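What follows is run12.pdb (PDB, C-alpha atoms and all ligand atoms).
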ATOM      1  CA  MET A 436       2.948 -33.455  11.342  1.00  0.00           C
ATOM      2  CA  LEU A 437       0.699 -31.077   9.470  1.00  0.00           C
ATOM      3  CA  VAL A 438       0.540 -28.699  12.453  1.00  0.00           C
ATOM      4  CA  LEU A 439       4.328 -28.506  12.670  1.00  0.00           C
ATOM      5  CA  THR A 440       4.586 -27.564   9.012  1.00  0.00           C
ATOM      6  CA  LEU A 441       2.122 -24.733   9.480  1.00  0.00           C
ATOM      7  CA  HIS A 442       4.114 -23.407  12.398  1.00  0.00           C
ATOM      8  CA  VAL A 443       7.224 -23.220  10.298  1.00  0.00           C
ATOM      9  CA  VAL A 444       5.435 -21.394   7.508  1.00  0.00           C
ATOM     10  CA  THR A 445       3.936 -18.921   9.981  1.00  0.00           C
ATOM     11  CA  LEU A 446       7.307 -18.162  11.530  1.00  0.00           C
ATOM     12  CA  VAL A 447       8.902 -17.470   8.203  1.00  0.00           C
ATOM     13  CA  LEU A 448       6.159 -15.014   7.281  1.00  0.00           C
ATOM     14  CA  LEU A 449       6.333 -13.220  10.613  1.00  0.00           C
ATOM     15  CA  TRP A 450      10.062 -12.835  10.637  1.00  0.00           C
ATOM     16  CA  SER A 451      10.396 -11.666   7.078  1.00  0.00           C
ATOM     17  CA  PRO A 452       8.134  -8.622   6.806  1.00  0.00           C
ATOM     18  CA  SER A 453       9.441  -7.744   3.359  1.00  0.00           C
ATOM     19  CA  VAL A 454       8.501 -10.953   1.563  1.00  0.00           C
ATOM     20  CA  PRO A 455       8.631 -10.882  -1.385  1.00  0.00           C
ATOM     21  CA  ALA A 456      11.771  -8.735  -1.570  1.00  0.00           C
ATOM     22  CA  ALA A 457      11.238  -5.528  -3.495  1.00  0.00           C
ATOM     23  CA  THR A 458      13.759  -3.745  -5.662  1.00  0.00           C
ATOM     24  CA  VAL A 459      14.770  -0.380  -4.264  1.00  0.00           C
ATOM     25  CA  HIS A 460      16.871   2.350  -5.837  1.00  0.00           C
ATOM     26  CA  LEU A 461      18.857   4.656  -3.595  1.00  0.00           C
ATOM     27  CA  TYR A 462      20.295   7.753  -5.261  1.00  0.00           C
ATOM     28  CA  VAL A 463      23.463   9.416  -4.028  1.00  0.00           C
ATOM     29  CA  SER A 464      25.272  12.443  -5.398  1.00  0.00           C
ATOM     30  CA  PRO A 465      28.201  14.574  -4.194  1.00  0.00           C
ATOM     31  CA  THR A 466      25.791  17.519  -4.481  1.00  0.00           C
ATOM     32  CA  GLY A 467      22.981  15.748  -2.602  1.00  0.00           C
ATOM     33  CA  SER A 468      22.040  15.914   1.066  1.00  0.00           C
ATOM     34  CA  ASP A 469      22.017  13.273   3.757  1.00  0.00           C
ATOM     35  CA  SER A 470      18.742  14.686   5.020  1.00  0.00           C
ATOM     36  CA  ASN A 471      17.067  13.522   1.792  1.00  0.00           C
ATOM     37  CA  ASP A 472      15.643  10.011   1.767  1.00  0.00           C
ATOM     38  CA  GLY A 473      17.502   9.229  -1.462  1.00  0.00           C
ATOM     39  CA  ARG A 474      14.545   7.436  -3.034  1.00  0.00           C
ATOM     40  CA  GLN A 475      14.192   9.808  -5.974  1.00  0.00           C
ATOM     41  CA  VAL A 476      16.809  10.912  -8.458  1.00  0.00           C
ATOM     42  CA  SER A 477      15.906  14.540  -7.687  1.00  0.00           C
ATOM     43  CA  HIS A 478      16.600  14.108  -3.949  1.00  0.00           C
ATOM     44  CA  PRO A 479      19.805  12.104  -3.650  1.00  0.00           C
ATOM     45  CA  LEU A 480      21.761  11.359  -0.520  1.00  0.00           C
ATOM     46  CA  LYS A 481      25.241  12.850  -0.253  1.00  0.00           C
ATOM     47  CA  THR A 482      27.714  10.542   1.456  1.00  0.00           C
ATOM     48  CA  LEU A 483      28.498   6.885   0.914  1.00  0.00           C
ATOM     49  CA  SER A 484      28.825   6.298   4.662  1.00  0.00           C
ATOM     50  CA  HIS A 485      25.252   7.508   5.099  1.00  0.00           C
ATOM     51  CA  VAL A 486      24.141   5.181   2.291  1.00  0.00           C
ATOM     52  CA  VAL A 487      25.510   2.261   4.292  1.00  0.00           C
ATOM     53  CA  ASP A 488      23.475   3.393   7.314  1.00  0.00           C
ATOM     54  CA  VAL A 489      20.338   3.735   5.197  1.00  0.00           C
ATOM     55  CA  LEU A 490      20.768   0.148   3.970  1.00  0.00           C
ATOM     56  CA  GLN A 491      19.895  -0.964   7.515  1.00  0.00           C
ATOM     57  CA  THR A 492      16.665   0.996   7.784  1.00  0.00           C
ATOM     58  CA  ASP A 493      13.127  -0.352   7.518  1.00  0.00           C
ATOM     59  CA  GLY A 494      11.837  -0.441   3.977  1.00  0.00           C
ATOM     60  CA  ILE A 495      15.360  -0.844   2.592  1.00  0.00           C
ATOM     61  CA  ARG A 496      16.859  -3.676   4.613  1.00  0.00           C
ATOM     62  CA  GLY A 497      16.401  -7.127   3.079  1.00  0.00           C
ATOM     63  CA  ASN A 498      15.408  -5.811  -0.328  1.00  0.00           C
ATOM     64  CA  THR A 499      17.394  -5.869  -3.513  1.00  0.00           C
ATOM     65  CA  VAL A 500      19.002  -2.445  -3.487  1.00  0.00           C
ATOM     66  CA  PHE A 501      20.634  -0.592  -6.345  1.00  0.00           C
ATOM     67  CA  VAL A 502      22.728   2.289  -5.053  1.00  0.00           C
ATOM     68  CA  GLU A 503      22.760   4.675  -7.982  1.00  0.00           C
ATOM     69  CA  MET A 504      25.921   6.749  -7.732  1.00  0.00           C
ATOM     70  CA  MET A 505      25.526   9.974  -9.635  1.00  0.00           C
ATOM     71  CA  LYS A 506      28.475  11.660 -11.294  1.00  0.00           C
ATOM     72  CA  GLY A 507      31.243  13.357  -9.385  1.00  0.00           C
ATOM     73  CA  TYR A 508      33.868  12.803  -6.728  1.00  0.00           C
ATOM     74  CA  TYR A 509      33.029  11.003  -3.519  1.00  0.00           C
ATOM     75  CA  ASP A 510      35.818  12.098  -1.202  1.00  0.00           C
ATOM     76  CA  LEU A 511      36.191   9.767   1.740  1.00  0.00           C
ATOM     77  CA  SER A 512      37.329  11.491   4.914  1.00  0.00           C
ATOM     78  CA  SER A 513      37.714   8.180   6.737  1.00  0.00           C
ATOM     79  CA  THR A 514      37.640   4.476   5.946  1.00  0.00           C
ATOM     80  CA  TRP A 515      34.377   3.401   4.341  1.00  0.00           C
ATOM     81  CA  HIS A 516      33.114   0.470   6.380  1.00  0.00           C
ATOM     82  CA  PHE A 517      30.636  -2.043   5.041  1.00  0.00           C
ATOM     83  CA  SER A 518      28.548  -4.102   7.378  1.00  0.00           C
ATOM     84  CA  HIS A 519      28.417  -7.843   6.921  1.00  0.00           C
ATOM     85  CA  HIS A 520      24.904  -7.822   8.306  1.00  0.00           C
ATOM     86  CA  VAL A 521      23.306  -6.531   5.121  1.00  0.00           C
ATOM     87  CA  THR A 522      20.799  -9.095   3.925  1.00  0.00           C
ATOM     88  CA  GLY A 523      19.654  -9.130   0.342  1.00  0.00           C
ATOM     89  CA  THR A 524      21.603  -7.974  -2.651  1.00  0.00           C
ATOM     90  CA  VAL A 525      23.108  -4.506  -2.722  1.00  0.00           C
ATOM     91  CA  VAL A 526      24.645  -3.241  -5.941  1.00  0.00           C
ATOM     92  CA  PHE A 527      26.672  -0.028  -6.027  1.00  0.00           C
ATOM     93  CA  ARG A 528      26.852   1.264  -9.567  1.00  0.00           C
ATOM     94  CA  ALA A 529      27.404   4.390 -11.605  1.00  0.00           C
ATOM     95  CA  TYR A 530      23.994   5.844 -12.372  1.00  0.00           C
ATOM     96  CA  GLN A 531      23.423   5.606 -16.125  1.00  0.00           C
ATOM     97  CA  GLY A 532      27.142   5.020 -16.676  1.00  0.00           C
ATOM     98  CA  GLN A 533      28.088   8.476 -15.377  1.00  0.00           C
ATOM     99  CA  GLU A 534      31.688   9.171 -14.395  1.00  0.00           C
ATOM    100  CA  VAL A 535      32.072   8.414 -10.725  1.00  0.00           C
ATOM    101  CA  HIS A 536      35.196   8.612  -8.561  1.00  0.00           C
ATOM    102  CA  VAL A 537      35.505   7.255  -5.046  1.00  0.00           C
ATOM    103  CA  VAL A 538      38.590   8.945  -3.674  1.00  0.00           C
ATOM    104  CA  GLY A 539      40.469   8.228  -0.470  1.00  0.00           C
ATOM    105  CA  GLY A 540      42.861  11.106  -0.959  1.00  0.00           C
ATOM    106  CA  LYS A 541      42.173  14.784  -0.837  1.00  0.00           C
ATOM    107  CA  ARG A 542      41.923  16.799  -4.013  1.00  0.00           C
ATOM    108  CA  MET A 543      43.621  20.143  -3.922  1.00  0.00           C
ATOM    109  CA  PRO A 544      43.334  22.978  -6.412  1.00  0.00           C
ATOM    110  CA  SER A 545      46.629  23.950  -7.995  1.00  0.00           C
ATOM    111  CA  SER A 546      45.993  27.528  -6.849  1.00  0.00           C
ATOM    112  CA  LEU A 547      47.046  26.482  -3.333  1.00  0.00           C
ATOM    113  CA  PHE A 548      50.632  25.960  -4.499  1.00  0.00           C
ATOM    114  CA  ARG A 549      52.964  28.940  -4.063  1.00  0.00           C
ATOM    115  CA  HIS A 550      56.527  29.683  -5.008  1.00  0.00           C
ATOM    116  CA  VAL A 551      58.942  29.205  -2.136  1.00  0.00           C
ATOM    117  CA  THR A 552      59.881  32.503  -0.484  1.00  0.00           C
ATOM    118  CA  ASN A 553      61.598  31.390   2.741  1.00  0.00           C
ATOM    119  CA  SER A 554      65.258  32.239   2.238  1.00  0.00           C
ATOM    120  CA  HIS A 555      66.451  29.388   4.481  1.00  0.00           C
ATOM    121  CA  VAL A 556      64.625  26.917   2.295  1.00  0.00           C
ATOM    122  CA  LEU A 557      65.700  28.592  -0.921  1.00  0.00           C
ATOM    123  CA  GLN A 558      69.369  28.457  -0.069  1.00  0.00           C
ATOM    124  CA  ARG A 559      69.245  24.667   0.121  1.00  0.00           C
ATOM    125  CA  LEU A 560      68.191  24.515  -3.481  1.00  0.00           C
ATOM    126  CA  PRO A 561      70.443  24.788  -6.493  1.00  0.00           C
ATOM    127  CA  GLN A 562      70.239  28.255  -8.012  1.00  0.00           C
ATOM    128  CA  VAL A 563      68.534  26.990 -11.164  1.00  0.00           C
ATOM    129  CA  SER A 564      65.720  25.361  -9.148  1.00  0.00           C
ATOM    130  CA  ARG A 565      64.854  28.208  -6.816  1.00  0.00           C
ATOM    131  CA  ASP A 566      62.120  29.824  -8.872  1.00  0.00           C
ATOM    132  CA  LYS A 567      60.719  26.447  -9.938  1.00  0.00           C
ATOM    133  CA  VAL A 568      60.025  24.782  -6.599  1.00  0.00           C
ATOM    134  CA  LEU A 569      56.484  25.132  -5.267  1.00  0.00           C
ATOM    135  CA  GLU A 570      55.193  24.619  -1.770  1.00  0.00           C
ATOM    136  CA  LEU A 571      51.789  23.993  -0.250  1.00  0.00           C
ATOM    137  CA  ASP A 572      50.801  24.451   3.373  1.00  0.00           C
ATOM    138  CA  LEU A 573      49.024  21.180   4.121  1.00  0.00           C
ATOM    139  CA  ALA A 574      47.451  22.463   7.331  1.00  0.00           C
ATOM    140  CA  SER A 575      45.790  25.322   5.493  1.00  0.00           C
ATOM    141  CA  ALA A 576      44.533  22.754   2.983  1.00  0.00           C
ATOM    142  CA  GLY A 577      42.881  20.848   5.838  1.00  0.00           C
ATOM    143  CA  ILE A 578      45.457  18.060   6.160  1.00  0.00           C
ATOM    144  CA  THR A 579      46.757  17.880   9.704  1.00  0.00           C
ATOM    145  CA  ASP A 580      47.431  14.150  10.100  1.00  0.00           C
ATOM    146  CA  LEU A 581      50.647  13.781   8.155  1.00  0.00           C
ATOM    147  CA  GLY A 582      51.236  10.184   9.140  1.00  0.00           C
ATOM    148  CA  THR A 583      54.780   8.926   9.542  1.00  0.00           C
ATOM    149  CA  LEU A 584      57.348   8.718   6.817  1.00  0.00           C
ATOM    150  CA  THR A 585      59.102   5.360   6.965  1.00  0.00           C
ATOM    151  CA  SER A 586      61.213   3.296   4.620  1.00  0.00           C
ATOM    152  CA  TYR A 587      59.182   1.032   2.394  1.00  0.00           C
ATOM    153  CA  GLY A 588      59.529  -1.315  -0.535  1.00  0.00           C
ATOM    154  CA  PHE A 589      62.317  -3.783  -1.292  1.00  0.00           C
ATOM    155  CA  HIS A 590      61.506  -6.249   1.484  1.00  0.00           C
ATOM    156  CA  ILE A 591      60.807  -3.508   4.023  1.00  0.00           C
ATOM    157  CA  TYR A 592      57.350  -4.339   5.235  1.00  0.00           C
ATOM    158  CA  THR A 593      55.813  -1.253   6.741  1.00  0.00           C
ATOM    159  CA  TYR A 594      52.162  -1.372   7.551  1.00  0.00           C
ATOM    160  CA  THR A 595      51.103   2.005   6.289  1.00  0.00           C
ATOM    161  CA  ALA A 596      52.409   3.608   3.150  1.00  0.00           C
ATOM    162  CA  PRO A 597      53.539   7.194   3.592  1.00  0.00           C
ATOM    163  CA  MET A 598      51.450  10.031   2.266  1.00  0.00           C
ATOM    164  CA  GLU A 599      51.937  10.608  -1.427  1.00  0.00           C
ATOM    165  CA  ILE A 600      51.119  13.431  -3.766  1.00  0.00           C
ATOM    166  CA  PHE A 601      49.740  12.845  -7.237  1.00  0.00           C
ATOM    167  CA  ILE A 602      49.605  15.453  -9.949  1.00  0.00           C
ATOM    168  CA  ASN A 603      47.266  14.681 -12.835  1.00  0.00           C
ATOM    169  CA  GLY A 604      47.214  11.045 -11.719  1.00  0.00           C
ATOM    170  CA  LYS A 605      50.971  10.596 -11.529  1.00  0.00           C
ATOM    171  CA  PRO A 606      52.731  10.035  -8.189  1.00  0.00           C
ATOM    172  CA  LEU A 607      55.557  12.431  -7.423  1.00  0.00           C
ATOM    173  CA  GLN A 608      58.895  11.120  -6.297  1.00  0.00           C
ATOM    174  CA  LEU A 609      60.268  12.239  -2.953  1.00  0.00           C
ATOM    175  CA  ALA A 610      63.092  14.684  -3.678  1.00  0.00           C
ATOM    176  CA  GLU A 611      66.446  12.988  -3.289  1.00  0.00           C
ATOM    177  CA  TRP A 612      69.992  13.040  -4.531  1.00  0.00           C
ATOM    178  CA  PRO A 613      70.937  11.525  -6.789  1.00  0.00           C
ATOM    179  CA  ASN A 614      67.559  11.417  -8.492  1.00  0.00           C
ATOM    180  CA  ASN A 615      68.270   8.014  -9.953  1.00  0.00           C
ATOM    181  CA  ASP A 616      70.646   5.242  -9.049  1.00  0.00           C
ATOM    182  CA  PHE A 617      73.086   5.522  -6.179  1.00  0.00           C
ATOM    183  CA  ILE A 618      76.419   7.110  -5.418  1.00  0.00           C
ATOM    184  CA  ASN A 619      79.317   4.966  -4.429  1.00  0.00           C
ATOM    185  CA  ILE A 620      80.973   5.142  -1.045  1.00  0.00           C
ATOM    186  CA  ARG A 621      84.447   6.564  -1.451  1.00  0.00           C
ATOM    187  CA  SER A 622      85.960   5.660   1.872  1.00  0.00           C
ATOM    188  CA  THR A 623      85.095   4.541   5.403  1.00  0.00           C
ATOM    189  CA  PRO A 624      87.434   6.542   7.675  1.00  0.00           C
ATOM    190  CA  ASP A 625      86.579   4.515  10.790  1.00  0.00           C
ATOM    191  CA  GLY A 626      86.884   1.176   9.070  1.00  0.00           C
ATOM    192  CA  GLN A 627      84.332  -1.201   7.572  1.00  0.00           C
ATOM    193  CA  HIS A 628      82.208  -1.307  10.739  1.00  0.00           C
ATOM    194  CA  GLY A 629      82.541   2.378  11.575  1.00  0.00           C
ATOM    195  CA  LEU A 630      79.683   4.826  11.301  1.00  0.00           C
ATOM    196  CA  LYS A 631      81.276   7.242   8.838  1.00  0.00           C
ATOM    197  CA  PHE A 632      81.601   7.223   5.106  1.00  0.00           C
ATOM    198  CA  THR A 633      82.622   9.712   2.471  1.00  0.00           C
ATOM    199  CA  TYR A 634      81.427  10.120  -1.076  1.00  0.00           C
ATOM    200  CA  ASN A 635      81.988  12.396  -4.036  1.00  0.00           C
ATOM    201  CA  ASP A 636      79.530  15.281  -3.904  1.00  0.00           C
ATOM    202  CA  THR A 637      80.268  16.730  -7.283  1.00  0.00           C
ATOM    203  CA  GLY A 638      77.939  19.747  -7.004  1.00  0.00           C
ATOM    204  CA  ASN A 639      78.684  20.575  -3.355  1.00  0.00           C
ATOM    205  CA  ARG A 640      75.001  20.143  -2.662  1.00  0.00           C
ATOM    206  CA  ASP A 641      75.367  18.702   0.791  1.00  0.00           C
ATOM    207  CA  THR A 642      76.871  21.875   2.250  1.00  0.00           C
ATOM    208  CA  HIS A 643      73.506  23.550   1.647  1.00  0.00           C
ATOM    209  CA  TRP A 644      71.862  20.966   3.845  1.00  0.00           C
ATOM    210  CA  ALA A 645      74.248  21.301   6.785  1.00  0.00           C
ATOM    211  CA  GLN A 646      71.446  22.718   8.989  1.00  0.00           C
ATOM    212  CA  GLU A 647      69.084  19.843   8.208  1.00  0.00           C
ATOM    213  CA  THR A 648      68.326  18.029  11.469  1.00  0.00           C
ATOM    214  CA  GLU A 649      66.806  14.881   9.969  1.00  0.00           C
ATOM    215  CA  PRO A 650      68.814  13.859   6.947  1.00  0.00           C
ATOM    216  CA  TRP A 651      67.922  10.531   5.428  1.00  0.00           C
ATOM    217  CA  THR A 652      70.216   8.180   3.631  1.00  0.00           C
ATOM    218  CA  TYR A 653      69.409   4.903   2.034  1.00  0.00           C
ATOM    219  CA  GLY A 654      71.882   2.402   0.810  1.00  0.00           C
ATOM    220  CA  PHE A 655      73.116  -1.131   0.827  1.00  0.00           C
TER     221      PHE A 655
HETATM  222  C1  LIG B   1      85.490  10.221  -6.700  1.00  0.00           C
HETATM  223  O1  LIG B   1      86.088  11.145  -7.613  1.00  0.00           O
HETATM  224  C2  LIG B   1      87.422  10.805  -7.947  1.00  0.00           C
HETATM  225  C3  LIG B   1      87.966  11.952  -8.788  1.00  0.00           C
HETATM  226  O2  LIG B   1      87.137  12.177  -9.892  1.00  0.00           O
HETATM  227  C4  LIG B   1      87.423   9.470  -8.670  1.00  0.00           C
HETATM  228  O3  LIG B   1      88.742   9.104  -9.009  1.00  0.00           O
HETATM  229  C5  LIG B   1      86.826   8.409  -7.797  1.00  0.00           C
HETATM  230  O4  LIG B   1      86.723   7.204  -8.488  1.00  0.00           O
HETATM  231  C6  LIG B   1      85.462   8.828  -7.300  1.00  0.00           C
HETATM  232  N1  LIG B   1      85.024   7.871  -6.312  1.00  0.00           N
HETATM  233  C7  LIG B   1      83.794   7.380  -6.263  1.00  0.00           C
HETATM  234  C8  LIG B   1      83.501   6.423  -5.179  1.00  0.00           C
HETATM  235  O5  LIG B   1      82.920   7.703  -7.041  1.00  0.00           O
END
When written as structure tokens, how does the structure in this file appear?
Amino acid sequence: MLVLTLHVVTLVLLWSPSVPAATVHLYVSPTGSDSNDGRQVSHPLKTLSHVVDVLQTDGIRGNTVFVEMMKGYYDLSSTWHFSHHVTGTVVFRAYQGQEVHVVGGKRMPSSLFRHVTNSHVLQRLPQVSRDKVLELDLASAGITDLGTLTSYGFHIYTYTAPMEIFINGKPLQLAEWPNNDFINIRSTPDGQHGLKFTYNDTGNRDTHWAQETEPWTYGF
């Protein structure tokens, strides 16, 4: 009986090289470098995905780890995956209460926006809007995967929300007419089950969009 107990104790010691668990601080900063070891505040790591890898390395794994996130924006270029194999406690926190943002979108400087100059595009717009509409070339801003725009909301269960643009934290609305509410159908020339309807276009806007190949309507 006594021998068996000793065996168990020996096994536990052999298999847990970091007993007792130490407390480790890993520093990460948007201005750091993933070739640093991240163990000192002066030599922080750079990316959160690399932090997750480092959690699995000898000397870190199994300890109580405080990931000290230093101020700034951590822009994620892909989904940030956490492993369920991490043993021990890992706490991600803002280092000394600094302002930290973990951002899945892409931040773009307002200087990338330009006034619209393409005459085909301009002629779709009401005269009063033409010098107010701005455009941004997403490809030149490094965004090439535009996703797919689908209907969503109101009991339409799409799996991925379409790309959105936020300005100063506020989401922009997709341009549409009318901006609010709906217009009423005026008539259905081919009958109730036909595929045509008419409506009152008070400003004659739709004639400007006659060349549009993918018009969208939404109604009920
Ligand atoms: C369309 O405009 C006409 C004339 O102003 C009006 O009598 C009618 O009610 C309008 N129809 C709809 C569906 O808004």
Put the listed atoms of ligand LIG 1 (chain B) in a box along x, y and z with 5 Å added on every side and give me the centre and edge lengths in Å to one decimal, as lines of an AutoDock Vina configuration file.
center_x = 85.8
center_y = 9.3
center_z = -7.5
size_x = 15.8
size_y = 15.8
size_z = 14.7
Set out as a Markdown table a contact list for chain A and ligand LIG 1 (chain B) with a cut-off of 10 Å, giving each residue of chain A that qualifies its closest atom pair and distance in Å to one decimal, counting all atoms listed in the file, ordered by chain and rising residue number.
| residue | atom | partner | partner_atom | distance |
| --- | --- | --- | --- | --- |
| A:Ile618 | CA | B:LIG1 | O5 | 6.7 |
| A:Asn619 | CA | B:LIG1 | C8 | 4.5 |
| A:Ile620 | CA | B:LIG1 | C8 | 5.0 |
| A:Arg621 | CA | B:LIG1 | C8 | 3.8 |
| A:Ser622 | CA | B:LIG1 | C8 | 7.5 |
| A:Thr633 | CA | B:LIG1 | C8 | 8.4 |
| A:Tyr634 | CA | B:LIG1 | C8 | 5.9 |
| A:Asn635 | CA | B:LIG1 | C1 | 4.9 |
| A:Asp636 | CA | B:LIG1 | C1 | 8.3 |
| A:Thr637 | CA | B:LIG1 | O1 | 8.1 |
Next item on the list: Just the residues within 7 Å of stretch 568-582 of chain A, please, counting all atoms listed in the file, with nothing from its chain fewer than 5 positions along; format it as a list in words.
Entry: Leu547, Phe548, Arg549, His550, Val551, Pro597 and Met598 of chain A
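Running the PyMOL selection byres (((chain A and resi 479) around 6) and not hetatm) on this file leaves Tyr462, Val463, Ser464, Gly467, Gly473, Val476, His478 and Leu480 of chain A selected.
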Checklist line | Reference answer for the PyMOL selection byres (((chain A and resi 485) around 12) and not hetatm), as a PyMOL selection string | finding: chain A and resi 461-464+467-473+479-484+486-492+502+511+515-517
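Atom pair atom CA of A:Asp641 / atom CA of A:Ile600: separated by 25.2 Å.
Within 10 Å of stretch 558-567 of chain A, once all atoms listed in the file are used and residues closer than 6 positions along the same chain are dropped, the contacting residues are His550, Val551, Thr552, Gly638, Asn639, Arg640, Asp641, Thr642, His643, Trp644, Ala645, Gln646 and Glu647 of chain A.
One finds atom CA of A:His460 at 12.6 Å from atom CA of A:Gln531.
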